[in-house]
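Next up, work.csv (CSV, N, CA, C and O atoms):
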```csv
chain,number,residue,atom,x,y,z
A,1,MET,N,115.5,166.6,191.7
A,1,MET,CA,115.0,167.6,190.8
A,1,MET,C,116.2,168.0,189.9
A,1,MET,O,117.3,168.2,190.4
A,2,ASN,N,115.9,168.1,188.6
A,2,ASN,CA,117.0,168.5,187.7
A,2,ASN,C,117.3,170.0,187.8
A,2,ASN,O,116.5,170.8,188.4
A,3,PHE,N,118.4,170.4,187.1
A,3,PHE,CA,118.8,171.8,187.2
A,3,PHE,C,117.8,172.8,186.6
A,3,PHE,O,117.6,173.8,187.2
A,4,GLU,N,117.2,172.4,185.5
A,4,GLU,CA,116.2,173.3,184.9
A,4,GLU,C,115.0,173.5,185.9
A,4,GLU,O,114.5,174.7,186.0
A,5,GLU,N,114.6,172.5,186.5
A,5,GLU,CA,113.5,172.7,187.5
A,5,GLU,C,113.9,173.5,188.7
A,5,GLU,O,113.1,174.4,189.1
A,6,LEU,N,115.1,173.3,189.1
A,6,LEU,CA,115.7,174.1,190.2
A,6,LEU,C,115.7,175.6,189.8
A,6,LEU,O,115.3,176.5,190.6
A,7,LEU,N,116.2,175.8,188.6
A,7,LEU,CA,116.3,177.2,188.1
A,7,LEU,C,115.0,177.9,188.0
A,7,LEU,O,114.8,179.0,188.4
A,8,THR,N,114.0,177.2,187.5
A,8,THR,CA,112.7,177.7,187.4
A,8,THR,C,112.1,178.0,188.7
A,8,THR,O,111.5,179.1,189.0
A,9,GLN,N,112.3,177.1,189.7
A,9,GLN,CA,111.7,177.4,191.0
A,9,GLN,C,112.4,178.5,191.7
A,9,GLN,O,111.8,179.3,192.4
A,10,ALA,N,113.8,178.6,191.5
A,10,ALA,CA,114.5,179.8,192.1
A,10,ALA,C,114.1,181.1,191.5
A,10,ALA,O,113.9,182.1,192.2
A,11,GLN,N,113.8,181.1,190.2
A,11,GLN,CA,113.3,182.3,189.6
A,11,GLN,C,111.9,182.7,190.1
A,11,GLN,O,111.5,183.9,190.1
A,12,LEU,N,111.1,181.7,190.5
A,12,LEU,CA,109.8,182.0,191.0
A,12,LEU,C,109.8,182.4,192.5
A,12,LEU,O,108.8,182.6,193.1
A,13,GLY,N,111.0,182.4,193.1
A,13,GLY,CA,111.2,182.8,194.5
A,13,GLY,C,111.4,181.8,195.5
A,13,GLY,O,111.4,182.1,196.7
A,14,SER,N,111.6,180.5,195.1
A,14,SER,CA,111.9,179.5,196.1
A,14,SER,C,113.2,179.6,196.7
A,14,SER,O,114.3,179.4,196.0
A,15,GLU,N,113.3,179.9,198.0
A,15,GLU,CA,114.6,179.9,198.7
A,15,GLU,C,115.3,178.6,198.7
A,15,GLU,O,116.5,178.5,198.6
A,16,ALA,N,114.5,177.5,198.8
A,16,ALA,CA,115.1,176.2,198.9
A,16,ALA,C,115.8,175.9,197.6
A,16,ALA,O,116.9,175.3,197.6
A,17,ALA,N,115.2,176.2,196.5
A,17,ALA,CA,115.8,176.0,195.2
A,17,ALA,C,117.1,176.8,195.0
A,17,ALA,O,118.1,176.3,194.5
A,18,LEU,N,117.0,178.0,195.4
A,18,LEU,CA,118.2,178.9,195.3
A,18,LEU,C,119.3,178.4,196.2
A,18,LEU,O,120.5,178.3,195.8
A,19,GLU,N,119.0,177.9,197.4
A,19,GLU,CA,120.0,177.3,198.3
A,19,GLU,C,120.6,176.1,197.7
A,19,GLU,O,121.8,175.8,197.8
A,20,GLU,N,119.8,175.3,197.0
A,20,GLU,CA,120.3,174.0,196.4
A,20,GLU,C,121.3,174.4,195.3
A,20,GLU,O,122.3,173.7,195.1
A,21,ILE,N,121.0,175.4,194.5
A,21,ILE,CA,121.9,175.8,193.4
A,21,ILE,C,123.2,176.3,194.0
A,21,ILE,O,124.3,175.9,193.5
A,22,LEU,N,123.1,177.1,195.0
A,22,LEU,CA,124.3,177.6,195.6
A,22,LEU,C,125.1,176.5,196.2
A,22,LEU,O,126.3,176.5,196.1
A,23,ALA,N,124.5,175.5,196.8
A,23,ALA,CA,125.2,174.4,197.4
A,23,ALA,C,125.9,173.6,196.3
A,23,ALA,O,127.0,173.1,196.5
A,24,ARG,N,125.2,173.4,195.1
A,24,ARG,CA,125.9,172.7,194.0
A,24,ARG,C,127.1,173.4,193.5
A,24,ARG,O,128.0,172.8,193.0
A,25,TYR,N,127.1,174.7,193.5
A,25,TYR,CA,128.2,175.5,193.0
A,25,TYR,C,129.2,176.0,194.0
A,25,TYR,O,130.2,176.6,193.7
A,26,ARG,N,128.9,175.6,195.3
A,26,ARG,CA,129.8,176.0,196.4
A,26,ARG,C,131.3,175.7,196.1
A,26,ARG,O,132.2,176.5,196.3
A,27,PRO,N,131.6,174.4,195.7
A,27,PRO,CA,133.0,174.1,195.5
A,27,PRO,C,133.7,174.9,194.4
A,27,PRO,O,134.8,175.4,194.6
A,28,LEU,N,133.0,175.2,193.4
A,28,LEU,CA,133.5,176.1,192.3
A,28,LEU,C,133.7,177.5,192.8
A,28,LEU,O,134.8,178.1,192.6
A,29,LEU,N,132.7,178.0,193.5
A,29,LEU,CA,132.8,179.4,194.0
A,29,LEU,C,133.9,179.5,195.0
A,29,LEU,O,134.7,180.5,195.0
A,30,ALA,N,134.1,178.5,195.9
A,30,ALA,CA,135.2,178.5,196.9
A,30,ALA,C,136.5,178.4,196.2
A,30,ALA,O,137.5,179.2,196.5
A,31,LYS,N,136.6,177.6,195.2
A,31,LYS,CA,137.9,177.5,194.4
A,31,LYS,C,138.3,178.8,193.8
A,31,LYS,O,139.4,179.2,193.8
A,32,GLU,N,137.3,179.5,193.2
A,32,GLU,CA,137.6,180.7,192.5
A,32,GLU,C,137.8,181.9,193.5
A,32,GLU,O,138.2,183.0,193.1
A,33,SER,N,137.5,181.7,194.8
A,33,SER,CA,137.7,182.7,195.8
A,33,SER,C,139.1,182.7,196.4
A,33,SER,O,139.3,183.4,197.4
A,34,ILE,N,139.9,181.8,196.0
A,34,ILE,CA,141.3,181.7,196.5
A,34,ILE,C,142.2,182.6,195.7
A,34,ILE,O,142.3,182.6,194.5
A,35,CYS,N,142.8,183.6,196.5
A,35,CYS,CA,143.6,184.6,195.9
A,35,CYS,C,145.0,184.6,196.6
A,35,CYS,O,145.0,184.7,197.8
A,36,ASN,N,146.0,184.3,195.9
A,36,ASN,CA,147.4,184.3,196.5
A,36,ASN,C,147.4,183.3,197.7
A,36,ASN,O,147.9,183.5,198.7
A,37,VAL,N,146.9,182.1,197.4
A,37,VAL,CA,146.8,181.0,198.3
A,37,VAL,C,145.9,181.2,199.6
A,37,VAL,O,145.9,180.3,200.4
A,38,PHE,N,145.2,182.3,199.6
A,38,PHE,CA,144.3,182.6,200.7
A,38,PHE,C,142.9,182.6,200.3
A,38,PHE,O,142.6,183.2,199.2
A,39,PHE,N,142.0,182.1,201.1
A,39,PHE,CA,140.5,182.2,200.8
A,39,PHE,C,140.1,183.6,201.1
A,39,PHE,O,140.2,184.1,202.2
A,40,ASP,N,139.5,184.3,200.1
A,40,ASP,CA,139.0,185.6,200.2
A,40,ASP,C,137.4,185.6,200.4
A,40,ASP,O,136.7,185.4,199.5
A,41,GLU,N,137.0,185.8,201.7
A,41,GLU,CA,135.6,185.7,202.0
A,41,GLU,C,134.8,186.7,201.2
A,41,GLU,O,133.6,186.5,200.8
A,42,ASP,N,135.3,187.9,201.1
A,42,ASP,CA,134.6,189.0,200.4
A,42,ASP,C,134.4,188.6,198.9
A,42,ASP,O,133.3,188.8,198.3
A,43,LEU,N,135.4,188.0,198.3
A,43,LEU,CA,135.3,187.6,196.9
A,43,LEU,C,134.2,186.5,196.8
A,43,LEU,O,133.4,186.5,195.9
A,44,TYR,N,134.2,185.6,197.8
A,44,TYR,CA,133.3,184.5,197.8
A,44,TYR,C,131.8,185.0,197.8
A,44,TYR,O,131.0,184.6,197.1
A,45,GLN,N,131.6,186.0,198.7
A,45,GLN,CA,130.3,186.6,198.8
A,45,GLN,C,129.9,187.3,197.5
A,45,GLN,O,128.7,187.2,197.1
A,46,GLU,N,130.8,188.0,196.9
A,46,GLU,CA,130.5,188.7,195.6
A,46,GLU,C,130.2,187.7,194.5
A,46,GLU,O,129.3,187.9,193.7
A,47,LEU,N,130.9,186.6,194.5
A,47,LEU,CA,130.6,185.5,193.5
A,47,LEU,C,129.2,184.9,193.7
A,47,LEU,O,128.5,184.7,192.8
A,48,CYS,N,128.8,184.7,195.0
A,48,CYS,CA,127.5,184.2,195.3
A,48,CYS,C,126.4,185.2,194.9
A,48,CYS,O,125.4,184.8,194.3
A,49,ILE,N,126.6,186.5,195.1
A,49,ILE,CA,125.7,187.5,194.7
A,49,ILE,C,125.6,187.6,193.2
A,49,ILE,O,124.5,187.7,192.7
A,50,THR,N,126.7,187.4,192.5
A,50,THR,CA,126.7,187.4,191.1
A,50,THR,C,125.9,186.2,190.5
A,50,THR,O,125.1,186.4,189.6
A,51,LEU,N,126.1,185.1,191.2
A,51,LEU,CA,125.4,183.9,190.7
A,51,LEU,C,123.9,184.1,190.9
A,51,LEU,O,123.1,183.7,190.1
A,52,VAL,N,123.5,184.6,192.1
A,52,VAL,CA,122.1,184.8,192.4
A,52,VAL,C,121.5,185.8,191.3
A,52,VAL,O,120.4,185.5,190.8
A,53,ASN,N,122.2,186.8,191.0
A,53,ASN,CA,121.7,187.8,190.0
A,53,ASN,C,121.6,187.1,188.6
A,53,ASN,O,120.6,187.4,187.9
A,54,CYS,N,122.5,186.3,188.3
A,54,CYS,CA,122.5,185.6,187.0
A,54,CYS,C,121.3,184.6,187.0
A,54,CYS,O,120.6,184.5,185.9
A,55,ILE,N,121.0,184.0,188.1
A,55,ILE,CA,119.8,183.1,188.1
A,55,ILE,C,118.5,183.8,187.9
A,55,ILE,O,117.7,183.4,187.2
A,56,ARG,N,118.4,185.0,188.5
A,56,ARG,CA,117.2,185.8,188.4
A,56,ARG,C,117.0,186.3,187.0
A,56,ARG,O,115.9,186.5,186.5
A,57,ASN,N,118.1,186.6,186.3
A,57,ASN,CA,118.0,187.2,185.0
A,57,ASN,C,118.1,186.2,183.8
A,57,ASN,O,117.9,186.6,182.7
A,58,PHE,N,118.4,185.0,184.1
A,58,PHE,CA,118.5,184.0,183.0
A,58,PHE,C,117.2,183.6,182.4
A,58,PHE,O,116.2,183.4,183.2
A,59,ARG,N,117.1,183.6,181.1
A,59,ARG,CA,115.8,183.2,180.5
A,59,ARG,C,115.9,181.8,180.1
A,59,ARG,O,116.8,181.3,179.4
A,60,ILE,N,114.9,181.0,180.4
A,60,ILE,CA,114.8,179.6,180.1
A,60,ILE,C,114.0,179.5,178.8
A,60,ILE,O,113.0,180.0,178.6
```

Starting from the file, lay out its structure as structure tokens.
Amino acid sequence: MNFEELLTQAQLGSEAALEEILARYRPLLAKESICNVFFDEDLYQELCITLVNCIRNFRI
């Protein structure tokens, strides 16, 4: 499934599509969650929440 289809399905409420998008972006989110050489779990969770909110609000 391409990204546009995943995005559409996630916006329609598909948990599987949302999980797939989060899995695709996990390496980037993890990389951006490193602060002072330490992985910040709280920052990672906030980035995931922000991504989910962006997915819900994005207009195709």

When you draw a straight line from atom CA of Glu46 of chain A to atom CA of Leu18 of chain A, how long is it in Å? 15.7 Å

Contacts of segment 6-13 of chain A at 8 Å or less, counting only N, CA, C and O atoms, minus same-chain residues fewer than 5 places along, as a PDB file with N, CA, C and O atoms, in the coordinates of the input?
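What follows is the written file part.pdb:
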```
ATOM      1  N   MET A   1     115.500 166.600 191.700  1.00  0.00           N
ATOM      2  CA  MET A   1     115.000 167.600 190.800  1.00  0.00           C
ATOM      3  C   MET A   1     116.200 168.000 189.900  1.00  0.00           C
ATOM      4  O   MET A   1     117.300 168.200 190.400  1.00  0.00           O
ATOM      5  N   LEU A  18     117.000 178.000 195.400  1.00  0.00           N
ATOM      6  CA  LEU A  18     118.200 178.900 195.300  1.00  0.00           C
ATOM      7  C   LEU A  18     119.300 178.400 196.200  1.00  0.00           C
ATOM      8  O   LEU A  18     120.500 178.300 195.800  1.00  0.00           O
ATOM      9  N   GLU A  19     119.000 177.900 197.400  1.00  0.00           N
ATOM     10  CA  GLU A  19     120.000 177.300 198.300  1.00  0.00           C
ATOM     11  C   GLU A  19     120.600 176.100 197.700  1.00  0.00           C
ATOM     12  O   GLU A  19     121.800 175.800 197.800  1.00  0.00           O
ATOM     13  N   GLU A  20     119.800 175.300 197.000  1.00  0.00           N
ATOM     14  CA  GLU A  20     120.300 174.000 196.400  1.00  0.00           C
ATOM     15  C   GLU A  20     121.300 174.400 195.300  1.00  0.00           C
ATOM     16  O   GLU A  20     122.300 173.700 195.100  1.00  0.00           O
ATOM     17  N   ILE A  21     121.000 175.400 194.500  1.00  0.00           N
ATOM     18  CA  ILE A  21     121.900 175.800 193.400  1.00  0.00           C
ATOM     19  C   ILE A  21     123.200 176.300 194.000  1.00  0.00           C
ATOM     20  O   ILE A  21     124.300 175.900 193.500  1.00  0.00           O
ATOM     21  N   VAL A  52     123.500 184.600 192.100  1.00  0.00           N
ATOM     22  CA  VAL A  52     122.100 184.800 192.400  1.00  0.00           C
ATOM     23  C   VAL A  52     121.500 185.800 191.300  1.00  0.00           C
ATOM     24  O   VAL A  52     120.400 185.500 190.800  1.00  0.00           O
ATOM     25  N   ILE A  55     121.000 184.000 188.100  1.00  0.00           N
ATOM     26  CA  ILE A  55     119.800 183.100 188.100  1.00  0.00           C
ATOM     27  C   ILE A  55     118.500 183.800 187.900  1.00  0.00           C
ATOM     28  O   ILE A  55     117.700 183.400 187.200  1.00  0.00           O
ATOM     29  N   ARG A  56     118.400 185.000 188.500  1.00  0.00           N
ATOM     30  CA  ARG A  56     117.200 185.800 188.400  1.00  0.00           C
ATOM     31  C   ARG A  56     117.000 186.300 187.000  1.00  0.00           C
ATOM     32  O   ARG A  56     115.900 186.500 186.500  1.00  0.00           O
ATOM     33  N   ASN A  57     118.100 186.600 186.300  1.00  0.00           N
ATOM     34  CA  ASN A  57     118.000 187.200 185.000  1.00  0.00           C
ATOM     35  C   ASN A  57     118.100 186.200 183.800  1.00  0.00           C
ATOM     36  O   ASN A  57     117.900 186.600 182.700  1.00  0.00           O
ATOM     37  N   PHE A  58     118.400 185.000 184.100  1.00  0.00           N
ATOM     38  CA  PHE A  58     118.500 184.000 183.000  1.00  0.00           C
ATOM     39  C   PHE A  58     117.200 183.600 182.400  1.00  0.00           C
ATOM     40  O   PHE A  58     116.200 183.400 183.200  1.00  0.00           O
ATOM     41  N   ILE A  60     114.900 181.000 180.400  1.00  0.00           N
ATOM     42  CA  ILE A  60     114.800 179.600 180.100  1.00  0.00           C
ATOM     43  C   ILE A  60     114.000 179.500 178.800  1.00  0.00           C
ATOM     44  O   ILE A  60     113.000 180.000 178.600  1.00  0.00           O
TER      45      ILE A  60
END
```

In chain A, DSSP alpha helix (DSSP H) residues written as a VMD selection string: chain A and resid 3 to 11 15 to 32 41 to 57

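Atom O of Glu15 of chain A lies 13.7 Å from atom CA of Asn53 of chain A.
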
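The spacing separating atom CA of Ile34 of chain A from atom C of Cys48 of chain A amounts to 15.4 Å.
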
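Closest approach to Tyr25 of chain A among A:Glu4, A:Arg59, A:Leu47, A:Phe39 is made by A:Leu47 (distances from only C-alpha atoms).
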
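DSSP on the backbone gives strand (DSSP E or B) for these parts of chain A: A:Ile34, A:Cys35, A:Phe38, A:Phe39.
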